[in-house]
Amino acid sequence: MDRVFALCLRLTASEERAQQLTQDTFVLAWEKLSSFRGEAAFATWLHRLAVNTVLQDERARRRRRERIVSAEDASLIVEAYVVPTPEDRIDLERAIAQLPRRARTVFVLHDVEGYRHEEIAEIMKTSIGTSKAQLHRARNLLRKMLAR
Amino acid sequence: MNCTDAQNLFNRYMDGELGSKKSTILEEHLEACPACRESLGQLRTLVEQAERMPMTISPRRDLWPGIRNRIEEGMAISTTKEVGIGQIGWPVRSLIAAAAAILIITASVVTVRLFSDGFDSLERFYAGWNQGLVTLAAMEKQYLGVTKDLIYSMGECEDNLPESAREIIEHHLEIIESAIEDSRIALIENPSDTKLQSMLSTTYRQKVELLHWTAQLLTQL
């Protein structure tokens, strides 16, 4: 549960959405349990399900033209969740929350969660080159934010 | 190479995607440029920090009741649509409890990989399941064989389980076994109900997964 919630919180930078999407993921996991193939670890299957749930929700929200979250909201939310921790990690969590959505998604999946660009491109329905470009953009933005 | 050119190459250099010729040119620039060395150092620190970020964060409210309610509602809806909720004695609550139990256990132990040892009967069990080729009767037979194998493999090691872990596992085994029993009773009344058959085979699988997880845990103690 906490693993899925951490992923949802970092991808959405929204406490309310992360709670909702964590619940969505587990309900979906129950519904799709029979499609779970034994060759992968259950945790890996569940993790991928959570990523897809978040991305599908974002696509649906964009179609409905909903405001997703502001950087200010995100900063406050992440701050609330990461105390008490070393200062540099709070800064990094806060900075990640302020990244543009696609750059944030790629950074979280690649540098935090350890996905490969091939996997990210498949999940995000984009190219490997775009995934790399978003990662570089995210890192450069984060470096500048943290160097302030 | 100027500083802008160099900084444009940092990410590829760090990820090992830069050719040897460009790497050498960049390294020459870095030797001569303290500002770029500092920038690259900051980038490296950032990536190292990201890799060390905690993988778990606890929600500030308990999300399980909401999950359980939604599963229950979903099952009530599908039951009503397919056979009418009042027609058969669905073992809904115990199945939900079993589902929640297996989700809680498997999701909370993310570092333990399932399905990696060499039980032949276990492999057959999953192969049959995944291909959708086995009948419920065949699955029951395999299920009995697999659970016997797993319990045997746990054997003497079981004493090594911490008391708290043993209690949790036994508690969830009881829930799953209760769900199996309820499903069987419901099937006696409605033997041709495919939804019930599917639920029973899912619950068999949950029990196998829990036993398998426990066996894996024991090998790591």
# chains A, B, ... in the order shown; residues from 1 in each chain; ligands from 1

$ interface_residues --of "chain A" --to "chain B" --cutoff "7 Å" --atoms "only C-alpha atoms" --output "list in words"
Met1, Asp2, Arg3, Phe5, Ala6, Gln23, Phe26, Val27, Trp30, Ser34, Arg37, Gly38, Glu39, Ala41, Phe42, Ala43, Asp111, Val112, His136 and Arg143 of chain A

$ residues_around --residues "Arg10 of chain A" --least-positions-apart "6" --cutoff "12 Å" --atoms "only C-alpha atoms" --output "NGL selection string"
(:A and (3-4 or 17-19 or 21-22 or 50-51 or 54 or 74-75 or 77-79 or 81-82 or 92-99 or 101 or 103-109 or 112-113)) or (:B and (50 or 53-57))

$ atom_distance --atom1 "atom CA of Leu11 of chain A" --atom2 "atom CA of Gly41 of chain B"
26.0 Å

$ atom_distance --atom1 "atom CA of Asn140 of chain A" --atom2 "atom CA of Gly16 of chain B"
17.1 Å
